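Novice: Next up, structure-v4.tsv (TSV, C-alpha atoms).
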```tsv
chain	number	residue	atom	x	y	z
U	861	MET	CA	-15.73	-25.34	1.78
U	862	ALA	CA	-17.42	-22.34	0.25
U	863	MET	CA	-16.01	-18.82	0.42
U	864	LYS	CA	-17.44	-16.57	3.11
U	865	PHE	CA	-17.67	-12.79	3.18
U	866	LEU	CA	-18.41	-10.14	5.76
U	867	ASN	CA	-18.83	-6.44	4.93
U	868	TYR	CA	-18.92	-3.86	7.68
U	869	TYR	CA	-19.14	-0.10	7.23
U	870	HIS	CA	-17.99	2.04	10.11
U	871	THR	CA	-18.65	5.78	10.35
U	872	PHE	CA	-16.22	8.05	12.20
U	873	LYS	CA	-16.89	11.59	13.22
U	874	THR	CA	-13.78	12.93	14.86
U	875	ARG	CA	-13.77	15.94	17.16
U	876	LYS	CA	-10.50	17.19	15.71
U	877	LYS	CA	-9.33	17.82	12.17
U	878	ARG	CA	-6.54	15.26	12.54
U	879	GLU	CA	-6.92	12.21	14.73
U	880	TYR	CA	-5.38	8.73	15.03
U	881	ILE	CA	-7.79	6.04	16.21
U	882	ASN	CA	-6.79	2.49	17.18
U	883	ILE	CA	-9.24	0.17	15.42
U	884	THR	CA	-7.51	-3.16	16.16
U	885	GLU	CA	-10.27	-4.53	18.39
U	886	LEU	CA	-13.00	-3.44	15.97
U	887	VAL	CA	-11.31	-5.28	13.09
U	888	ARG	CA	-10.65	-8.35	15.26
U	889	GLU	CA	-14.33	-8.43	16.32
U	890	LYS	CA	-15.46	-8.39	12.68
U	891	VAL	CA	-13.07	-11.25	11.85
U	892	PHE	CA	-14.60	-13.25	14.74
U	893	GLU	CA	-18.13	-12.43	13.55
U	894	SER	CA	-17.30	-13.55	10.02
U	895	GLY	CA	-16.49	-17.08	11.20
U	896	ILE	CA	-13.62	-17.04	8.70
U	897	SER	CA	-10.61	-19.09	9.69
U	898	GLU	CA	-8.24	-18.56	6.73
U	899	GLY	CA	-8.34	-15.50	4.50
U	900	LEU	CA	-7.81	-11.77	4.64
U	901	ALA	CA	-9.38	-8.56	5.90
U	902	ILE	CA	-9.35	-5.48	3.68
U	903	VAL	CA	-9.53	-2.36	5.86
U	904	SER	CA	-10.04	0.64	3.62
U	905	ALA	CA	-10.86	4.31	4.17
U	906	MET	CA	-13.73	5.20	1.81
U	907	HIS	CA	-12.68	8.86	1.74
U	908	ILE	CA	-9.64	10.34	0.12
U	909	THR	CA	-8.52	12.45	3.04
U	910	ALA	CA	-8.03	9.65	5.58
U	911	SER	CA	-5.76	6.66	5.93
U	912	VAL	CA	-5.56	3.18	7.42
U	913	PHE	CA	-2.13	2.04	8.56
U	914	ILE	CA	-0.41	-0.44	10.85
U	915	ASN	CA	2.09	0.66	13.46
U	916	ASP	CA	2.85	0.80	17.17
U	917	ASN	CA	0.24	1.88	19.74
U	918	GLU	CA	2.50	4.43	21.40
U	919	GLN	CA	1.28	7.99	21.94
U	920	GLY	CA	4.70	9.62	21.52
U	921	LEU	CA	5.15	7.89	18.19
U	922	LEU	CA	1.68	8.91	17.01
U	923	ALA	CA	2.60	12.54	17.79
U	924	ASP	CA	5.88	12.05	15.87
U	925	ILE	CA	3.93	10.70	12.90
U	926	ASP	CA	1.56	13.66	12.95
U	927	GLU	CA	4.43	16.17	13.04
U	928	TRP	CA	6.26	14.33	10.27
U	929	LEU	CA	3.18	14.24	8.04
U	930	GLU	CA	2.69	17.96	8.50
U	931	LYS	CA	6.31	18.50	7.47
U	932	LEU	CA	6.10	16.35	4.29
U	933	ALA	CA	2.55	17.29	3.29
U	934	PRO	CA	1.88	20.65	4.94
U	935	GLU	CA	-1.28	22.70	5.17
U	936	GLY	CA	-1.06	25.58	2.72
U	937	ASP	CA	-2.27	26.90	-0.60
U	938	TYR	CA	-3.14	24.31	-3.21
U	939	ARG	CA	-4.71	24.51	-6.66
U	940	HIS	CA	-7.38	22.18	-5.28
U	941	HIS	CA	-8.63	25.07	-3.12
U	942	ALA	CA	-10.02	26.80	-6.21
U	943	THR	CA	-12.92	24.32	-5.82
U	944	GLY	CA	-13.79	25.86	-2.45
U	945	GLU	CA	-12.13	23.05	-0.48
U	946	VAL	CA	-9.33	23.81	1.99
U	947	ASN	CA	-8.07	20.26	2.50
U	948	GLY	CA	-5.34	19.88	-0.14
U	949	ASP	CA	-2.86	18.79	2.54
U	950	ALA	CA	-5.23	16.03	3.69
U	951	HIS	CA	-5.26	14.52	0.18
U	952	LEU	CA	-1.46	14.46	0.13
U	953	LYS	CA	-1.27	12.96	3.63
U	954	ASN	CA	-3.67	10.25	2.45
U	955	LEU	CA	-1.40	9.44	-0.49
U	956	LEU	CA	1.70	9.35	1.72
U	957	MET	CA	0.13	7.03	4.28
U	958	HIS	CA	-2.06	4.98	1.92
U	959	HIS	CA	-5.75	4.39	2.41
U	960	GLN	CA	-5.81	0.68	3.13
U	961	VAL	CA	-4.17	-2.40	4.59
U	962	ILE	CA	-4.74	-6.08	3.89
U	963	ILE	CA	-4.56	-8.04	7.12
U	964	PRO	CA	-3.89	-11.77	6.86
U	965	VAL	CA	-6.40	-13.88	8.82
U	966	THR	CA	-5.03	-17.19	10.17
U	967	SER	CA	-6.76	-19.58	12.59
U	968	GLY	CA	-9.66	-17.15	12.87
U	969	ASP	CA	-7.62	-14.17	14.09
U	970	LEU	CA	-5.52	-11.28	12.75
U	971	ASP	CA	-2.11	-12.72	11.93
U	972	PHE	CA	-0.08	-9.94	13.52
U	973	GLY	CA	3.41	-9.58	14.91
U	974	PRO	CA	3.89	-8.54	18.56
U	975	TRP	CA	3.59	-4.76	18.05
U	976	GLN	CA	1.30	-4.47	15.07
U	977	GLU	CA	-1.91	-2.52	15.63
U	978	VAL	CA	-4.26	-1.00	13.02
U	979	PHE	CA	-5.10	2.70	13.01
U	980	TYR	CA	-7.58	4.90	11.21
U	981	ALA	CA	-5.99	8.28	10.55
U	982	GLU	CA	-8.30	11.20	9.96
U	983	PHE	CA	-6.78	14.21	8.16
U	984	ASP	CA	-9.95	16.20	7.51
U	985	GLY	CA	-12.42	15.35	10.23
U	986	LEU	CA	-15.30	17.00	12.06
U	987	ARG	CA	-17.75	15.35	9.65
U	988	PRO	CA	-18.94	11.78	9.01
U	989	LYS	CA	-16.41	9.62	7.17
U	990	ARG	CA	-16.80	5.93	6.33
U	991	MET	CA	-14.41	2.98	6.44
U	992	LEU	CA	-14.97	-0.52	5.08
U	993	ILE	CA	-13.88	-3.76	6.72
U	994	LYS	CA	-14.28	-6.65	4.29
U	995	VAL	CA	-13.33	-10.14	5.43
U	996	ILE	CA	-12.92	-12.82	2.74
U	997	GLY	CA	-11.97	-16.46	3.16
U	998	GLU	CA	-13.32	-19.74	4.41
X	1007	MET	CA	-12.39	-26.34	-6.51
X	1008	ALA	CA	-11.81	-25.57	-2.86
X	1009	MET	CA	-9.70	-22.65	-1.68
X	1010	LYS	CA	-6.12	-23.45	-0.72
X	1011	PHE	CA	-3.85	-21.62	1.69
X	1012	LEU	CA	-0.18	-21.64	2.55
X	1013	ASN	CA	1.30	-19.70	5.48
X	1014	TYR	CA	5.04	-19.31	5.80
X	1015	TYR	CA	6.86	-17.29	8.46
X	1016	HIS	CA	10.39	-16.22	7.66
X	1017	THR	CA	12.79	-14.81	10.26
X	1018	PHE	CA	15.45	-12.33	9.23
X	1019	LYS	CA	18.40	-11.29	11.34
X	1020	THR	CA	20.33	-8.70	9.42
X	1021	ARG	CA	23.95	-7.85	10.14
X	1022	LYS	CA	23.31	-4.16	9.57
X	1023	LYS	CA	20.73	-1.74	10.91
X	1024	ARG	CA	19.41	-1.06	7.41
X	1025	GLU	CA	19.44	-3.70	4.74
X	1026	TYR	CA	17.57	-4.46	1.50
X	1027	ILE	CA	17.11	-8.18	0.78
X	1028	ASN	CA	15.78	-9.61	-2.48
X	1029	ILE	CA	13.12	-12.18	-1.52
X	1030	THR	CA	11.72	-12.85	-5.00
X	1031	GLU	CA	12.90	-16.46	-5.19
X	1032	LEU	CA	11.69	-17.21	-1.64
X	1033	VAL	CA	8.20	-15.93	-2.44
X	1034	ARG	CA	8.15	-17.78	-5.77
X	1035	GLU	CA	9.15	-21.03	-4.03
X	1036	LYS	CA	6.27	-20.68	-1.57
X	1037	VAL	CA	3.81	-20.09	-4.41
X	1038	PHE	CA	5.08	-23.30	-6.07
X	1039	GLU	CA	4.79	-25.21	-2.76
X	1040	SER	CA	1.22	-24.00	-2.27
X	1041	GLY	CA	0.09	-25.66	-5.51
X	1042	ILE	CA	-2.07	-22.58	-6.09
X	1043	SER	CA	-2.62	-21.66	-9.72
X	1044	GLU	CA	-4.84	-18.56	-9.46
X	1045	GLY	CA	-4.88	-16.26	-6.44
X	1046	LEU	CA	-2.62	-13.91	-4.55
X	1047	ALA	CA	0.35	-13.81	-2.21
X	1048	ILE	CA	0.33	-11.41	0.73
X	1049	VAL	CA	3.91	-10.59	1.71
X	1050	SER	CA	3.87	-8.65	4.94
X	1051	ALA	CA	6.49	-7.50	7.44
X	1052	MET	CA	5.24	-8.47	10.92
X	1053	HIS	CA	7.25	-5.68	12.54
X	1054	ILE	CA	6.62	-1.99	12.34
X	1055	THR	CA	10.17	-0.95	11.51
X	1056	ALA	CA	10.57	-2.90	8.27
X	1057	SER	CA	9.01	-2.86	4.83
X	1058	VAL	CA	8.19	-5.06	1.87
X	1059	PHE	CA	8.27	-3.40	-1.52
X	1060	ILE	CA	8.58	-4.14	-5.23
X	1061	ASN	CA	11.20	-2.47	-7.37
X	1062	ASP	CA	14.26	-3.02	-9.54
X	1063	ASN	CA	17.11	-5.33	-8.49
X	1064	GLU	CA	19.81	-2.74	-9.15
X	1065	GLN	CA	22.37	-1.97	-6.46
X	1066	GLY	CA	22.80	1.71	-7.38
X	1067	LEU	CA	19.07	2.23	-7.13
X	1068	LEU	CA	18.89	0.47	-3.76
X	1069	ALA	CA	21.58	2.87	-2.50
X	1070	ASP	CA	19.57	5.79	-3.93
X	1071	ILE	CA	16.47	4.53	-2.10
X	1072	ASP	CA	18.35	4.25	1.18
X	1073	GLU	CA	19.73	7.80	0.87
X	1074	TRP	CA	16.32	9.16	-0.09
X	1075	LEU	CA	14.62	7.45	2.87
X	1076	GLU	CA	17.19	8.91	5.24
X	1077	LYS	CA	16.45	12.35	3.80
X	1078	LEU	CA	12.64	12.09	4.14
X	1079	ALA	CA	12.56	10.16	7.44
X	1080	PRO	CA	15.89	10.89	9.10
X	1081	GLU	CA	17.44	9.45	12.23
X	1082	GLY	CA	17.12	11.98	15.04
X	1083	ASP	CA	15.25	12.85	18.21
X	1084	TYR	CA	11.68	11.64	18.40
X	1085	ARG	CA	9.07	11.65	21.18
X	1086	HIS	CA	8.99	7.88	20.78
X	1087	HIS	CA	12.49	7.74	22.28
X	1088	ALA	CA	11.07	8.60	25.70
X	1089	THR	CA	10.11	4.89	25.81
X	1090	GLY	CA	13.79	3.93	25.68
X	1091	GLU	CA	13.67	3.06	21.96
X	1092	VAL	CA	15.95	4.84	19.50
X	1093	ASN	CA	14.23	3.76	16.29
X	1094	GLY	CA	11.72	6.54	15.61
X	1095	ASP	CA	13.11	7.01	12.11
X	1096	ALA	CA	12.58	3.30	11.34
X	1097	HIS	CA	8.85	3.62	12.12
X	1098	LEU	CA	8.58	6.57	9.72
X	1099	LYS	CA	10.56	4.76	7.01
X	1100	ASN	CA	8.14	1.83	7.42
X	1101	LEU	CA	5.16	4.14	6.92
X	1102	LEU	CA	6.72	5.77	3.86
X	1103	MET	CA	7.54	2.45	2.18
X	1104	HIS	CA	4.57	0.43	3.45
X	1105	HIS	CA	4.83	-2.91	5.16
X	1106	GLN	CA	3.27	-5.17	2.55
X	1107	VAL	CA	2.56	-6.04	-1.05
X	1108	ILE	CA	-0.11	-8.22	-2.62
X	1109	ILE	CA	1.37	-10.20	-5.50
X	1110	PRO	CA	-1.04	-11.59	-8.08
X	1111	VAL	CA	-0.55	-15.32	-8.75
X	1112	THR	CA	-1.43	-16.47	-12.28
X	1113	SER	CA	-0.77	-19.91	-13.83
X	1114	GLY	CA	1.02	-20.95	-10.65
X	1115	ASP	CA	3.64	-18.17	-10.69
X	1116	LEU	CA	4.11	-14.55	-9.59
X	1117	ASP	CA	2.42	-12.38	-12.21
X	1118	PHE	CA	5.23	-9.85	-12.55
X	1119	GLY	CA	6.37	-7.40	-15.18
X	1120	PRO	CA	9.90	-7.68	-16.59
X	1121	TRP	CA	11.68	-5.71	-13.86
X	1122	GLN	CA	9.57	-6.35	-10.79
X	1123	GLU	CA	11.34	-7.99	-7.85
X	1124	VAL	CA	10.23	-8.15	-4.20
X	1125	PHE	CA	12.42	-6.81	-1.41
X	1126	TYR	CA	12.36	-6.95	2.36
X	1127	ALA	CA	13.71	-3.69	3.76
X	1128	GLU	CA	15.04	-3.74	7.28
X	1129	PHE	CA	15.23	-0.36	9.02
X	1130	ASP	CA	16.04	-1.53	12.57
X	1131	GLY	CA	17.88	-4.81	12.27
X	1132	LEU	CA	20.50	-6.77	14.20
X	1133	ARG	CA	17.72	-8.77	15.88
X	1134	PRO	CA	15.19	-11.40	14.76
X	1135	LYS	CA	12.30	-9.98	12.72
X	1136	ARG	CA	9.50	-11.97	11.12
X	1137	MET	CA	7.75	-11.71	7.76
X	1138	LEU	CA	4.64	-13.59	6.61
X	1139	ILE	CA	4.05	-15.01	3.15
X	1140	LYS	CA	0.41	-16.07	2.81
X	1141	VAL	CA	-0.74	-17.58	-0.48
X	1142	ILE	CA	-4.50	-17.81	-1.09
X	1143	GLY	CA	-6.34	-19.17	-4.11
X	1144	GLU	CA	-7.13	-22.37	-5.88
D	1303	MET	CA	-19.90	-21.66	-5.27
D	1304	ALA	CA	-16.52	-21.95	-6.89
D	1305	MET	CA	-13.99	-19.13	-6.99
D	1306	LYS	CA	-13.85	-17.10	-10.18
D	1307	PHE	CA	-10.97	-15.14	-11.67
D	1308	LEU	CA	-10.47	-12.58	-14.37
D	1309	ASN	CA	-7.06	-11.36	-15.55
D	1310	TYR	CA	-6.77	-8.34	-17.80
D	1311	TYR	CA	-3.54	-6.72	-18.99
D	1312	HIS	CA	-3.76	-3.14	-20.14
D	1313	THR	CA	-0.96	-1.38	-22.03
D	1314	PHE	CA	-0.50	2.37	-21.68
D	1315	LYS	CA	1.65	4.52	-23.90
D	1316	THR	CA	1.49	8.04	-22.60
D	1317	ARG	CA	2.39	11.07	-24.69
D	1318	LYS	CA	4.09	12.74	-21.75
D	1319	LYS	CA	6.74	11.60	-19.30
D	1320	ARG	CA	4.36	12.08	-16.37
D	1321	GLU	CA	0.64	11.56	-16.71
D	1322	TYR	CA	-2.34	10.77	-14.47
D	1323	ILE	CA	-5.04	8.65	-16.10
D	1324	ASN	CA	-8.46	7.93	-14.59
D	1325	ILE	CA	-9.03	4.18	-14.95
D	1326	THR	CA	-12.16	3.86	-12.82
D	1327	GLU	CA	-14.47	2.90	-15.68
D	1328	LEU	CA	-11.97	0.42	-17.09
D	1329	VAL	CA	-11.68	-1.37	-13.74
D	1330	ARG	CA	-15.44	-1.30	-13.23
D	1331	GLU	CA	-15.99	-2.82	-16.69
D	1332	LYS	CA	-13.62	-5.68	-15.87
D	1333	VAL	CA	-15.45	-6.34	-12.60
D	1334	PHE	CA	-18.73	-6.54	-14.55
D	1335	GLU	CA	-17.14	-8.87	-17.14
D	1336	SER	CA	-15.86	-11.16	-14.39
D	1337	GLY	CA	-19.37	-11.85	-13.13
D	1338	ILE	CA	-17.94	-11.70	-9.61
D	1339	SER	CA	-20.32	-10.45	-6.96
D	1340	GLU	CA	-18.18	-10.60	-3.78
D	1341	GLY	CA	-14.40	-10.38	-3.82
D	1342	LEU	CA	-11.63	-7.99	-4.69
D	1343	ALA	CA	-9.84	-6.41	-7.63
D	1344	ILE	CA	-6.04	-6.10	-7.56
D	1345	VAL	CA	-4.98	-3.21	-9.77
D	1346	SER	CA	-1.22	-3.27	-10.10
D	1347	ALA	CA	1.33	-1.43	-12.24
D	1348	MET	CA	3.66	-4.06	-13.73
D	1349	HIS	CA	6.48	-1.54	-14.07
D	1350	ILE	CA	8.51	0.03	-11.30
D	1351	THR	CA	8.24	3.60	-12.49
D	1352	ALA	CA	4.45	3.93	-12.39
D	1353	SER	CA	1.77	3.85	-9.72
D	1354	VAL	CA	-1.86	3.03	-9.12
D	1355	PHE	CA	-3.66	5.11	-6.52
D	1356	ILE	CA	-7.12	6.17	-5.39
D	1357	ASN	CA	-8.04	9.82	-4.97
D	1358	ASP	CA	-10.27	12.60	-6.20
D	1359	ASN	CA	-10.92	13.25	-9.89
D	1360	GLU	CA	-10.12	16.95	-9.70
D	1361	GLN	CA	-7.62	18.47	-12.13
D	1362	GLY	CA	-6.27	21.07	-9.70
D	1363	LEU	CA	-5.55	18.36	-7.15
D	1364	LEU	CA	-3.82	16.17	-9.74
D	1365	ALA	CA	-1.54	19.12	-10.56
D	1366	ASP	CA	-0.91	19.59	-6.82
D	1367	ILE	CA	0.02	15.91	-6.53
D	1368	ASP	CA	2.42	16.16	-9.46
D	1369	GLU	CA	4.15	19.22	-8.00
D	1370	TRP	CA	4.35	17.60	-4.55
D	1371	LEU	CA	5.86	14.40	-5.97
D	1372	GLU	CA	8.48	16.41	-7.82
D	1373	LYS	CA	9.36	18.14	-4.55
D	1374	LEU	CA	9.68	14.93	-2.49
D	1375	ALA	CA	11.24	12.75	-5.20
D	1376	PRO	CA	12.84	15.18	-7.65
D	1377	GLU	CA	14.45	14.58	-11.01
D	1378	GLY	CA	18.24	14.76	-10.60
D	1379	ASP	CA	21.41	12.72	-10.43
D	1380	TYR	CA	21.07	9.23	-9.04
D	1381	ARG	CA	23.49	6.29	-8.74
D	1382	HIS	CA	20.97	4.36	-10.80
D	1383	HIS	CA	21.90	6.51	-13.80
D	1384	ALA	CA	25.26	4.72	-14.02
D	1385	THR	CA	23.25	1.96	-15.75
D	1386	GLY	CA	22.38	4.35	-18.58
D	1387	GLU	CA	18.88	5.02	-17.25
D	1388	VAL	CA	17.77	8.56	-16.39
D	1389	ASN	CA	14.63	7.70	-14.44
D	1390	GLY	CA	15.83	7.47	-10.83
D	1391	ASP	CA	13.17	9.96	-9.74
D	1392	ALA	CA	10.43	7.81	-11.31
D	1393	HIS	CA	11.45	4.83	-9.15
D	1394	LEU	CA	11.24	6.97	-6.02
D	1395	LYS	CA	7.87	8.44	-7.06
D	1396	ASN	CA	6.63	4.85	-7.54
D	1397	LEU	CA	7.73	3.94	-4.01
D	1398	LEU	CA	6.10	7.03	-2.52
D	1399	MET	CA	2.78	6.45	-4.26
D	1400	HIS	CA	2.82	2.65	-4.23
D	1401	HIS	CA	2.24	0.49	-7.29
D	1402	GLN	CA	-1.11	-1.08	-6.44
D	1403	VAL	CA	-4.49	-0.90	-4.80
D	1404	ILE	CA	-6.88	-3.64	-3.72
D	1405	ILE	CA	-10.45	-2.58	-4.46
D	1406	PRO	CA	-13.24	-4.35	-2.56
D	1407	VAL	CA	-15.97	-5.75	-4.83
D	1408	THR	CA	-19.47	-5.88	-3.29
D	1409	SER	CA	-22.75	-6.70	-5.07
D	1410	GLY	CA	-20.86	-6.91	-8.36
D	1411	ASP	CA	-19.43	-3.38	-8.28
D	1412	LEU	CA	-16.46	-1.43	-6.89
D	1413	ASP	CA	-17.24	-0.73	-3.23
D	1414	PHE	CA	-16.20	2.92	-3.28
D	1415	GLY	CA	-16.98	6.00	-1.23
D	1416	PRO	CA	-18.48	9.07	-2.94
D	1417	TRP	CA	-15.20	10.60	-4.16
D	1418	GLN	CA	-12.99	7.60	-4.70
D	1419	GLU	CA	-11.65	7.12	-8.22
D	1420	VAL	CA	-8.71	4.98	-9.39
D	1421	PHE	CA	-5.78	6.47	-11.28
D	1422	TYR	CA	-2.81	5.10	-13.14
D	1423	ALA	CA	0.16	7.43	-12.64
D	1424	GLU	CA	2.92	7.28	-15.21
D	1425	PHE	CA	6.28	8.67	-14.10
D	1426	ASP	CA	8.43	7.51	-17.03
D	1427	GLY	CA	6.20	7.27	-20.04
D	1428	LEU	CA	6.48	7.64	-23.81
D	1429	ARG	CA	6.84	3.85	-24.11
D	1430	PRO	CA	4.54	0.84	-23.60
D	1431	LYS	CA	3.88	0.02	-19.95
D	1432	ARG	CA	1.56	-2.70	-18.64
D	1433	MET	CA	-0.91	-2.82	-15.78
D	1434	LEU	CA	-2.76	-5.86	-14.43
D	1435	ILE	CA	-6.37	-5.94	-13.27
D	1436	LYS	CA	-7.06	-9.22	-11.47
D	1437	VAL	CA	-10.55	-9.84	-10.09
D	1438	ILE	CA	-10.97	-12.69	-7.57
D	1439	GLY	CA	-14.12	-13.83	-5.79
D	1440	GLU	CA	-17.38	-15.59	-6.41
```
Show me the file's structure as structure tokens.
Specialist:
Amino acid sequence: MAMKFLNYYHTFKTRKKREYINITELVREKVFESGISEGLAIVSAMHITASVFINDNEQGLLADIDEWLEKLAPEGDYRHHATGEVNGDAHLKNLLMHHQVIIPVTSGDLDFGPWQEVFYAEFDGLRPKRMLIKVIGE
Amino acid sequence: MAMKFLNYYHTFKTRKKREYINITELVREKVFESGISEGLAIVSAMHITASVFINDNEQGLLADIDEWLEKLAPEGDYRHHATGEVNGDAHLKNLLMHHQVIIPVTSGDLDFGPWQEVFYAEFDGLRPKRMLIKVIGE
Amino acid sequence: MAMKFLNYYHTFKTRKKREYINITELVREKVFESGISEGLAIVSAMHITASVFINDNEQGLLADIDEWLEKLAPEGDYRHHATGEVNGDAHLKNLLMHHQVIIPVTSGDLDFGPWQEVFYAEFDGLRPKRMLIKVIGE
């Protein structure tokens, strides 16, 4: 069989500076649309102040994660702000959390464990930000 | 040539809460079994309180890593514990260390540098936890 | 169409212990050479004291990142140093920043957002270190 590909660009515009959005169903839908049975889905923030990660869909935990990120990569004064930006912390949060995941696709679905869900994490929102879902396989 | 795939699910049950297990030979064996010469291996923890990472097989360093993780993502009180869980720190350690690696496969073997070895890191063990090795290529 | 592959091994020898090198054009060139239109590029440090990451090409920010890494994974005494090495901090910085990225390739080019650039981060330089660029697709 030949390789198949699906590219999908999603634009977020969050109402808050920091926000955690469950995108599991969106990614699953794109895998279904692709008709790909065996392969992988790259889910990648196209901006450098956001993240894509896999964890538990539990609101308390998401609040813990947000507090923890602010502790390890706090808002504050950064050299980067000499450019006029004020989002130095969002760049560091992006590095800490990574900007992408590779989700295995098996039998036409996300090959996930029982608690795995995919999230888009916005660290510098209130403006349009893009994310790519690319499904590759056959 | 057509694409080939191999999916292998491995179950760990560690005897300690936190444990670092060298899985290099296991992953290599699965690459050999797949018969894939050029491609990649996704090695992914299917739970959200474990990690897969690449580093040096040196016991002192693994102890350093464990101490460092406990410093940056310590055991303690988390909102998540309102659910009855007590593993908030394990979720944060997972985020810090990431849950997966993509290993390049070249000439039918892991395309590694001289010191690279793959580890499964358990942060909330003493129960069955699954990991996926998916090899894709031709 | 059949799958295509390109493997390219790049050797760095930095003049400083820690250095951040923009490799965007190098990776792009290899994608062009591969003739691959749809697929992905794995860009992976082959040593365990270096990193590959995507962020903004802004010198102030790169200095912020370096200072932040030194705060979260500082130089110091580590058990690992009993082996004769003195680079324990570089291993931890590698884990924090991760050793690889997977770049989506679309229409024969890196599928990047407006500010995304790829960097090789050296944390224990002054000697030859290798990095792999592997392009896969069709």
Novice: Hey, what's within 8 Å of Gly1114 in chain X if we count all atoms listed in the file and toss same-chain stuff fewer than 5 positions away? As a list in words, please?
Specialist: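 Near neighbours after the sequence-gap exclusion: Val1037, Phe1038, Gly1041, Ile1042, Ser1043 and Glu1044 of chain X.
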Novice: Between CA of Gly936 in chain U and CA of Val961 in chain U, what is the spacing in Å?
Specialist: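 About the pair CA of Val961 in chain U and CA of Gly936 in chain U: they are 28.2 Å apart.
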Novice: What are the residues of chain X that have an atom within 10 Å of an atom of chain U, counting all atoms listed in the file, as a ChimeraX atom specification?
Specialist: /X:1007-1013,1048-1055,1078-1079,1083-1089,1094-1095,1097-1098,1100-1108,1135-1143
Novice: Figure out the distance between CA of Glu1073 in chain X and CA of Phe1125 in chain X, please, to one decimal in Å.
Specialist: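 Taking CA of Phe1125 in chain X as the start and CA of Glu1073 in chain X as the end point, the length is 16.5 Å.
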Novice: Find the residue from U:Ala910, U:Ala950, U:Val887, U:Leu970 that sits nearest to Thr874 in chain U; use only C-alpha atoms when measuring.
Specialist: U:Ala910
Novice: In Å, how far is it from CA of Ser894 in chain U to CA of Val978 in chain U?
Specialist: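 Calculated distance between CA of Ser894 in chain U and CA of Val978 in chain U is 18.3 Å.
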Novice: Using all atoms listed in the file, which of X:Glu1039, X:Glu1031, X:Asp1072, X:Glu1081 sits nearest Tyr1014 in chain X?
Specialist: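 That would be X:Glu1039, the residue with the smallest distance to Tyr1014 in chain X.
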